[in-house]
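Data file: model-v4.pdb. Format and content: PDB, C-alpha atoms.
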```pdb
MODEL        1
ATOM      1  CA  MET A   1      84.986  98.618  79.632
ATOM      2  CA  SER A   2      87.187  96.544  77.294
ATOM      3  CA  ASN A   3      89.476  95.579  80.182
ATOM      4  CA  LEU A   4      86.480  94.464  82.229
ATOM      5  CA  LYS A   5      85.366  92.369  79.262
ATOM      6  CA  GLU A   6      88.787  90.711  79.154
ATOM      7  CA  ILE A   7      88.367  89.734  82.816
ATOM      8  CA  THR A   8      84.797  88.444  82.595
ATOM      9  CA  LYS A   9      85.171  86.472  79.352
ATOM     10  CA  GLY A  10      87.211  83.731  81.066
ATOM     11  CA  ILE A  11      84.558  83.038  83.703
ATOM     12  CA  ILE A  12      81.784  81.654  81.470
ATOM     13  CA  LYS A  13      81.991  82.510  77.768
ATOM     14  CA  GLU A  14      85.628  81.429  77.273
ATOM     15  CA  ASN A  15      86.207  79.406  80.435
ATOM     16  CA  PRO A  16      89.504  77.575  79.805
ATOM     17  CA  SER A  17      88.435  74.279  81.399
ATOM     18  CA  LEU A  18      84.710  74.096  80.776
ATOM     19  CA  VAL A  19      84.408  75.729  77.332
ATOM     20  CA  MET A  20      87.832  75.486  75.659
ATOM     21  CA  LEU A  21      88.640  72.189  77.447
ATOM     22  CA  LEU A  22      92.227  73.114  78.309
ATOM     23  CA  GLY A  23      94.136  72.055  81.422
ATOM     24  CA  MET A  24      92.140  68.839  81.811
ATOM     25  CA  CYS A  25      94.918  66.993  83.682
ATOM     26  CA  PRO A  26      94.842  69.113  86.885
ATOM     27  CA  THR A  27      91.095  69.666  86.500
ATOM     28  CA  LEU A  28      90.481  65.951  86.972
ATOM     29  CA  ALA A  29      93.449  65.006  89.123
ATOM     30  CA  VAL A  30      93.455  67.489  91.996
ATOM     31  CA  THR A  31      89.741  68.210  92.439
ATOM     32  CA  THR A  32      88.948  65.542  95.033
ATOM     33  CA  GLN A  33      88.642  68.400  97.561
ATOM     34  CA  ALA A  34      87.500  72.020  97.303
ATOM     35  CA  ALA A  35      90.705  73.309  98.936
ATOM     36  CA  ASN A  36      92.840  71.513  96.332
ATOM     37  CA  GLY A  37      90.943  73.248  93.532
ATOM     38  CA  LEU A  38      91.520  76.645  95.127
ATOM     39  CA  GLY A  39      95.216  75.930  95.646
ATOM     40  CA  MET A  40      95.851  74.808  92.075
ATOM     41  CA  GLY A  41      93.715  77.654  90.708
ATOM     42  CA  ALA A  42      95.564  80.285  92.753
ATOM     43  CA  ALA A  43      98.967  78.967  91.657
ATOM     44  CA  THR A  44      97.923  78.870  88.001
ATOM     45  CA  THR A  45      96.436  82.374  88.171
ATOM     46  CA  PHE A  46      99.685  83.732  89.632
ATOM     47  CA  VAL A  47     101.713  82.179  86.817
ATOM     48  CA  LEU A  48      99.203  83.337  84.182
ATOM     49  CA  ILE A  49      99.287  86.983  85.258
ATOM     50  CA  CYS A  50     103.051  87.182  85.781
ATOM     51  CA  SER A  51     103.953  85.399  82.541
ATOM     52  CA  ASN A  52     101.481  87.536  80.579
ATOM     53  CA  ILE A  53     103.105  90.698  81.951
ATOM     54  CA  VAL A  54     106.644  89.634  81.044
ATOM     55  CA  ILE A  55     105.722  88.287  77.607
ATOM     56  CA  SER A  56     103.739  91.425  76.786
ATOM     57  CA  LEU A  57     106.725  93.588  77.752
ATOM     58  CA  LEU A  58     109.148  91.474  75.686
ATOM     59  CA  LYS A  59     106.889  90.813  72.684
ATOM     60  CA  ASN A  60     108.897  93.125  70.406
ATOM     61  CA  ILE A  61     112.248  91.747  71.587
ATOM     62  CA  ILE A  62     111.680  87.982  71.416
ATOM     63  CA  PRO A  63     112.495  86.639  67.911
ATOM     64  CA  LYS A  64     109.520  84.959  66.269
ATOM     65  CA  ALA A  65     111.560  81.854  65.431
ATOM     66  CA  VAL A  66     112.146  81.044  69.115
ATOM     67  CA  ARG A  67     109.073  82.592  70.721
ATOM     68  CA  LEU A  68     107.621  79.325  72.077
ATOM     69  CA  PRO A  69     110.843  78.210  73.835
ATOM     70  CA  CYS A  70     111.152  81.726  75.283
ATOM     71  CA  PHE A  71     107.555  81.621  76.508
ATOM     72  CA  ILE A  72     108.166  78.278  78.221
ATOM     73  CA  VAL A  73     111.317  79.587  79.930
ATOM     74  CA  VAL A  74     109.365  82.586  81.285
ATOM     75  CA  ILE A  75     106.513  80.366  82.465
ATOM     76  CA  ALA A  76     108.889  77.837  84.049
ATOM     77  CA  GLY A  77     110.577  80.635  85.990
ATOM     78  CA  PHE A  78     107.295  81.723  87.592
ATOM     79  CA  VAL A  79     106.266  78.109  88.257
ATOM     80  CA  THR A  80     109.538  77.599  90.137
ATOM     81  CA  LEU A  81     108.866  80.789  92.104
ATOM     82  CA  ILE A  82     105.352  79.713  93.128
ATOM     83  CA  GLU A  83     106.698  76.280  94.088
ATOM     84  CA  PHE A  84     109.246  77.894  96.427
ATOM     85  CA  LEU A  85     106.576  80.182  97.911
ATOM     86  CA  MET A  86     104.109  77.368  98.511
ATOM     87  CA  LYS A  87     106.796  75.119  99.964
ATOM     88  CA  ALA A  88     107.771  77.873 102.410
ATOM     89  CA  TYR A  89     104.357  79.270 103.375
ATOM     90  CA  TRP A  90     101.706  76.704 102.365
ATOM     91  CA  GLN A  91     103.455  73.362 102.788
ATOM     92  CA  PRO A  92     100.345  71.146 103.213
ATOM     93  CA  MET A  93      99.022  72.330  99.846
ATOM     94  CA  TYR A  94     102.491  71.983  98.294
ATOM     95  CA  LYS A  95     102.568  68.307  99.356
ATOM     96  CA  THR A  96      98.985  67.713  98.220
ATOM     97  CA  LEU A  97      99.453  69.125  94.719
ATOM     98  CA  GLY A  98     102.803  67.398  94.295
ATOM     99  CA  ILE A  99     103.918  66.878  90.697
ATOM    100  CA  PHE A 100     100.895  68.752  89.320
ATOM    101  CA  LEU A 101     102.379  71.996  90.619
ATOM    102  CA  SER A 102     105.425  71.555  88.385
ATOM    103  CA  LEU A 103     103.201  70.565  85.466
ATOM    104  CA  ILE A 104     101.751  74.093  85.403
ATOM    105  CA  THR A 105     104.754  74.822  83.148
ATOM    106  CA  VAL A 106     103.207  72.825  80.305
ATOM    107  CA  ASN A 107      99.603  73.787  81.031
ATOM    108  CA  CYS A 108      97.981  74.609  77.683
ATOM    109  CA  ILE A 109      96.024  77.491  79.219
ATOM    110  CA  ILE A 110      99.159  79.464  80.102
ATOM    111  CA  LEU A 111     101.063  78.797  76.884
ATOM    112  CA  GLY A 112      97.911  79.400  74.864
ATOM    113  CA  ARG A 113      97.254  82.832  76.428
ATOM    114  CA  ALA A 114     100.902  83.776  75.986
ATOM    115  CA  GLU A 115     100.790  82.923  72.290
ATOM    116  CA  ALA A 116      97.252  84.105  71.477
ATOM    117  CA  PHE A 117      96.992  87.230  73.624
ATOM    118  CA  ALA A 118      99.992  88.466  75.660
ATOM    119  CA  SER A 119     102.391  88.372  72.699
ATOM    120  CA  LYS A 120     100.021  90.620  70.704
ATOM    121  CA  ASN A 121      98.668  93.075  73.280
ATOM    122  CA  LYS A 122      99.793  95.703  75.788
ATOM    123  CA  VAL A 123     100.499  95.025  79.467
ATOM    124  CA  LEU A 124      97.186  96.082  81.050
ATOM    125  CA  PRO A 125      94.937  94.047  78.712
ATOM    126  CA  SER A 126      97.333  91.113  79.175
ATOM    127  CA  ILE A 127      96.986  91.382  82.971
ATOM    128  CA  CYS A 128      93.195  91.449  82.640
ATOM    129  CA  ASP A 129      93.269  88.452  80.300
ATOM    130  CA  GLY A 130      95.451  86.464  82.701
ATOM    131  CA  LEU A 131      93.270  87.415  85.665
ATOM    132  CA  GLY A 132      90.058  86.489  83.853
ATOM    133  CA  MET A 133      91.344  83.139  82.620
ATOM    134  CA  GLY A 134      92.819  82.404  86.051
ATOM    135  CA  LEU A 135      89.542  83.214  87.793
ATOM    136  CA  GLY A 136      87.610  81.014  85.369
ATOM    137  CA  PHE A 137      90.054  78.149  85.886
ATOM    138  CA  THR A 138      89.972  78.574  89.693
ATOM    139  CA  LEU A 139      86.175  78.684  89.815
ATOM    140  CA  SER A 140      85.844  75.562  87.670
ATOM    141  CA  LEU A 141      88.320  73.639  89.870
ATOM    142  CA  PHE A 142      86.660  74.885  93.061
ATOM    143  CA  LEU A 143      83.202  73.912  91.782
ATOM    144  CA  MET A 144      84.361  70.437  90.774
ATOM    145  CA  GLY A 145      86.280  69.957  94.018
ATOM    146  CA  SER A 146      83.306  71.080  96.103
ATOM    147  CA  ILE A 147      80.842  68.722  94.393
ATOM    148  CA  ARG A 148      83.215  65.745  94.556
ATOM    149  CA  GLU A 149      84.185  66.370  98.185
ATOM    150  CA  ILE A 150      80.601  66.926  99.394
ATOM    151  CA  LEU A 151      79.166  63.887  97.623
ATOM    152  CA  GLY A 152      82.219  61.637  97.710
ATOM    153  CA  ALA A 153      83.512  62.258 101.227
ATOM    154  CA  GLY A 154      80.620  63.989 102.950
ATOM    155  CA  THR A 155      82.809  66.923 103.939
ATOM    156  CA  PHE A 156      83.427  70.515 102.859
ATOM    157  CA  PHE A 157      86.918  71.886 103.478
ATOM    158  CA  GLU A 158      87.406  68.682 105.519
ATOM    159  CA  LYS A 159      84.536  69.555 107.878
ATOM    160  CA  PRO A 160      81.910  66.792 108.103
ATOM    161  CA  ILE A 161      78.408  67.395 106.774
ATOM    162  CA  PRO A 162      75.573  65.712 108.713
ATOM    163  CA  PHE A 163      74.198  62.550 107.056
ATOM    164  CA  LEU A 164      76.510  62.854 104.010
ATOM    165  CA  SER A 165      79.624  62.162 106.110
ATOM    166  CA  GLU A 166      78.004  58.949 107.339
ATOM    167  CA  ASN A 167      76.826  57.884 103.879
ATOM    168  CA  PRO A 168      79.422  59.123 101.353
ATOM    169  CA  MET A 169      79.144  58.176  97.675
ATOM    170  CA  THR A 170      82.831  57.358  97.264
ATOM    171  CA  ILE A 171      82.541  56.962  93.495
ATOM    172  CA  PHE A 172      82.670  60.766  93.212
ATOM    173  CA  ILE A 173      86.272  60.902  94.485
ATOM    174  CA  THR A 174      87.391  58.289  91.966
ATOM    175  CA  PRO A 175      88.492  59.109  88.397
ATOM    176  CA  ALA A 176      85.131  57.863  87.063
ATOM    177  CA  GLY A 177      83.296  60.263  89.377
ATOM    178  CA  GLY A 178      85.567  63.080  88.250
ATOM    179  CA  PHE A 179      84.713  62.492  84.590
ATOM    180  CA  PHE A 180      80.993  62.316  85.414
ATOM    181  CA  VAL A 181      80.982  65.587  87.387
ATOM    182  CA  LEU A 182      83.104  67.317  84.732
ATOM    183  CA  GLY A 183      80.732  66.234  81.977
ATOM    184  CA  ILE A 184      77.670  67.542  83.827
ATOM    185  CA  ILE A 185      79.308  70.908  84.587
ATOM    186  CA  ILE A 186      80.537  71.307  80.988
ATOM    187  CA  ALA A 187      77.011  70.636  79.682
ATOM    188  CA  VAL A 188      75.466  73.229  82.023
ATOM    189  CA  VAL A 189      78.110  75.894  81.337
ATOM    190  CA  ASN A 190      77.921  75.442  77.563
ATOM    191  CA  LYS A 191      74.131  75.723  77.730
ATOM    192  CA  ILE A 192      74.515  79.048  79.568
ATOM    193  CA  ALA A 193      77.322  80.296  77.310
ATOM    194  CA  ASN A 194      75.446  79.503  74.093
ATOM    195  CA  ARG A 195      72.082  80.835  75.226
ATOM    196  CA  LYS A 196      70.747  83.212  72.599
ATOM    197  CA  PRO A 197      69.091  86.509  73.533
ATOM    198  CA  PRO A 198      65.401  86.967  72.632
ATOM    199  CA  GLU A 199      64.969  87.683  68.944
ATOM    200  CA  LYS A 200      64.110  91.296  68.226
ATOM    201  CA  ILE A 201      61.698  92.139  65.439
ATOM    202  CA  SER A 202      60.662  95.323  63.715
ATOM    203  CA  CYS A 203      57.936  97.210  65.588
ATOM    204  CA  GLU A 204      57.426  99.904  62.984
ATOM    205  CA  GLY A 205      53.729 100.517  62.411
ATOM    206  CA  CYS A 206      52.664  97.956  65.047
ATOM    207  CA  PRO A 207      49.911  99.252  67.406
ATOM    208  CA  SER A 208      51.080  96.876  70.177
ATOM    209  CA  ALA A 209      54.750  97.935  70.097
ATOM    210  CA  SER A 210      54.577  99.488  73.558
ATOM    211  CA  LEU A 211      53.371  96.182  75.032
ATOM    212  CA  CYS A 212      55.936  93.710  73.716
ATOM    213  CA  GLY A 213      59.075  95.864  73.419
ATOM    214  CA  GLY A 214      60.227  94.037  70.297
ATOM    215  CA  ASP A 215      60.403  90.571  71.920
ATOM    216  CA  LYS A 216      59.167  88.011  69.373
ATOM    217  CA  THR A 217      57.582  85.713  71.976
ATOM    218  CA  LYS A 218      55.749  88.547  73.724
ATOM    219  CA  CYS A 219      54.671  89.929  70.360
ATOM    220  CA  GLU A 220      53.042  86.614  69.402
ATOM    221  CA  GLN A 221      51.326  86.413  72.788
ATOM    222  CA  THR A 222      50.054  89.996  72.403
ATOM    223  CA  LYS A 223      48.648  89.222  68.948
ATOM    224  CA  GLN A 224      46.995  86.014  70.160
ATOM    225  CA  SER A 225      45.245  87.709  73.113
ATOM    226  CA  PRO A 226      42.838  89.823  70.990
ATOM    227  CA  GLU A 227      42.084  86.760  68.850
ATOM    228  CA  LYS A 228      41.149  84.723  71.954
ATOM    229  CA  GLU A 229      38.952  87.539  73.219
ATOM    230  CA  ALA A 230      37.197  87.773  69.864
ATOM    231  CA  LYS A 231      36.418  84.032  69.947
TER     232      LYS A 231
ENDMDL
END
```

Take the structure in the file and give it back as structure tokens.
Amino acid sequence: MSNLKEITKGIIKENPSLVMLLGMCPTLAVTTQAANGLGMGAATTFVLICSNIVISLLKNIIPKAVRLPCFIVVIAGFVTLIEFLMKAYWQPMYKTLGIFLSLITVNCIILGRAEAFASKNKVLPSICDGLGMGLGFTLSLFLMGSIREILGAGTFFEKPIPFLSENPMTIFITPAGGFFVLGIIIAVVNKIANRKPPEKISCEGCPSASLCGGDKTKCEQTKQSPEKEAK
């Protein structure tokens, strides 16, 4: 159950882009299309998981005084590997992402998880943490890319959408549109993440306990109903 929690926390509650506001550069720069968001998210997730594994295995060997340089070397190695793989097998995406693929090395999400989690936990939880944060990052980029591509270009995965393709709102594929879409998504996600559960109250000695189940709102409604009937 704890490992599942490590995976799911990065999707909404601790989403690296939309809650912790990390990795903003690629989030804004490459999300003009849905496919670009998926490509950058997949590459970042690969580096996150692999670097977390290695750093977790070496956490007791790496001297504390040089841990950050060592982390960056590990991360840079996996970034180079994913660059080679994408150049060989996914060249269109490699050309589209360009310099932002190399900049994964200094992405705050990866270095932050290495320092805050992988260097202090075992391998399996570190894998789950990397997977969860990677999924959250990928979903946020895909969502932004989808909205900007649909509204700004009238296409989805480069396939035209009736009416929208003929009347695109090109502002959404500009930097200003990117900031606007990001702000709206952050507001919605934070509203969901910070939503409080219904307040539970003591039902001891209450004759209507079976009706409201301890929910404060329902309890008030239950108490008001007899009063209305009496009037």

Would you list the contacts of Ala43 in chain A as a compact mmCIF listing (two decimals) with C-alpha atoms, in the frame of the given file, taking every protein, DNA or RNA residue within 10 Å and counting all atoms listed in the file, but skipping same-chain residues closer than 3 positions in sequence?
```
# COMPACT_ATOMS: atom_id res chain seq x y z
CA LEU A 38 91.52 76.64 95.13
CA GLY A 39 95.22 75.93 95.65
CA MET A 40 95.85 74.81 92.08
CA PHE A 46 99.68 83.73 89.63
CA VAL A 47 101.71 82.18 86.82
CA LEU A 48 99.20 83.34 84.18
CA PHE A 78 107.30 81.72 87.59
CA VAL A 79 106.27 78.11 88.26
CA ILE A 82 105.35 79.71 93.13
CA GLU A 83 106.70 76.28 94.09
CA LEU A 85 106.58 80.18 97.91
CA MET A 86 104.11 77.37 98.51
CA LEU A 101 102.38 72.00 90.62
CA ILE A 104 101.75 74.09 85.40
CA GLY A 134 92.82 82.40 86.05
CA THR A 138 89.97 78.57 89.69
```

Inset, instruction - Would you kindly return, as an MDAnalysis selection string, each protein, DNA or RNA residue with an atom no farther than 10 Å from any atom of Ile147 in chain A, considering only C-alpha atoms and excluding same-chain residues fewer than 2 positions away? - result: chainID A and resid 31:34 142:145 149:156 172:173 178 181

Please identify all polymer residues within 9 Å of range 113-128 of chain A, counting all atoms listed in the file, omitting same-chain residues fewer than 6 positions from it, and present them as a CSV table (one decimal) with C-alpha atoms, keeping the file's coordinate frame.
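Output saved as around_24.csv:
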```csv
chain,number,residue,atom,x,y,z
A,2,SER,CA,87.2,96.5,77.3
A,3,ASN,CA,89.5,95.6,80.2
A,4,LEU,CA,86.5,94.5,82.2
A,5,LYS,CA,85.4,92.4,79.3
A,6,GLU,CA,88.8,90.7,79.2
A,7,ILE,CA,88.4,89.7,82.8
A,8,THR,CA,84.8,88.4,82.6
A,48,LEU,CA,99.2,83.3,84.2
A,49,ILE,CA,99.3,87.0,85.3
A,50,CYS,CA,103.1,87.2,85.8
A,51,SER,CA,104.0,85.4,82.5
A,52,ASN,CA,101.5,87.5,80.6
A,53,ILE,CA,103.1,90.7,82.0
A,54,VAL,CA,106.6,89.6,81.0
A,55,ILE,CA,105.7,88.3,77.6
A,56,SER,CA,103.7,91.4,76.8
A,57,LEU,CA,106.7,93.6,77.8
A,58,LEU,CA,109.1,91.5,75.7
A,59,LYS,CA,106.9,90.8,72.7
A,60,ASN,CA,108.9,93.1,70.4
A,67,ARG,CA,109.1,82.6,70.7
A,68,LEU,CA,107.6,79.3,72.1
A,71,PHE,CA,107.6,81.6,76.5
```

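For the residues A:Leu141, A:Val73, A:Ile109, A:Cys25, ranking by smallest atom-to-atom distance to Asp129 in chain A using only C-alpha atoms places A:Ile109 first.
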
Inset, instruction - Give the answer as one residue: which of A:Leu182, A:Ile75, A:Ile110, A:Ala176 has the shortest atom-to-atom distance to Thr27 in chain A, using all atoms listed in the file? - result: A:Leu182

Inset, instruction - Would you mind telling me which residue in A:Thr45, A:Gln91, A:Asn194, A:Asn36 lies nearest to Asn107 in chain A when using all atoms listed in the file? - result: A:Thr45

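Here CA of Gly41 in chain A is placed at a distance of 13.4 Å from CA of Ser146 in chain A.
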
Inset, instruction - Name the closest residue to Thr44 in chain A among the candidates A:Gly98, A:Pro69, A:Pro26, A:Pro92; distances are taken between atoms, counting all atoms listed in the file. - result: A:Pro26

Inset, instruction - Name every residue that the PyMOL selection byres ((chain A and resi 15-19) around 9) selects in this structure, writing the answer as a list in words with chains first and numbers rising. - result: Lys9, Gly10, Ile11, Ile12, Lys13, Glu14, Met20, Leu21, Leu22, Gly23, Met24, Thr27, Ile109, Gly132, Met133, Gly134, Leu135, Gly136, Phe137, Ser140, Leu141, Leu182, Gly183, Ile185, Ile186, Ala187, Val189, Asn190 and Ala193 of chain A

Legend entry - Between CA of Arg148 in chain A and CA of Ile184 in chain A - distance in Å to one decimal: 12.2 Å

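In terms of minimum interatomic distance to Gly37 in chain A, A:Leu139 ranks closest within A:Gly112, A:Lys64, A:Tyr89, A:Leu139, counting all atoms listed in the file.
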
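Atom pair CA of Phe157 in chain A / CA of Thr170 in chain A has a distance of 16.3 Å (rounded to one decimal).
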
Report the centre and edge lengths, in Å to one decimal, of an axis-aligned box enclosing every atom of range 120-132 of chain A listed in the file, padded by 3 Å on each side, as JSON.
```
{"center_x": 95.3, "center_y": 91.3, "center_z": 78.2, "size_x": 16.4, "size_y": 15.6, "size_z": 21.0}
```
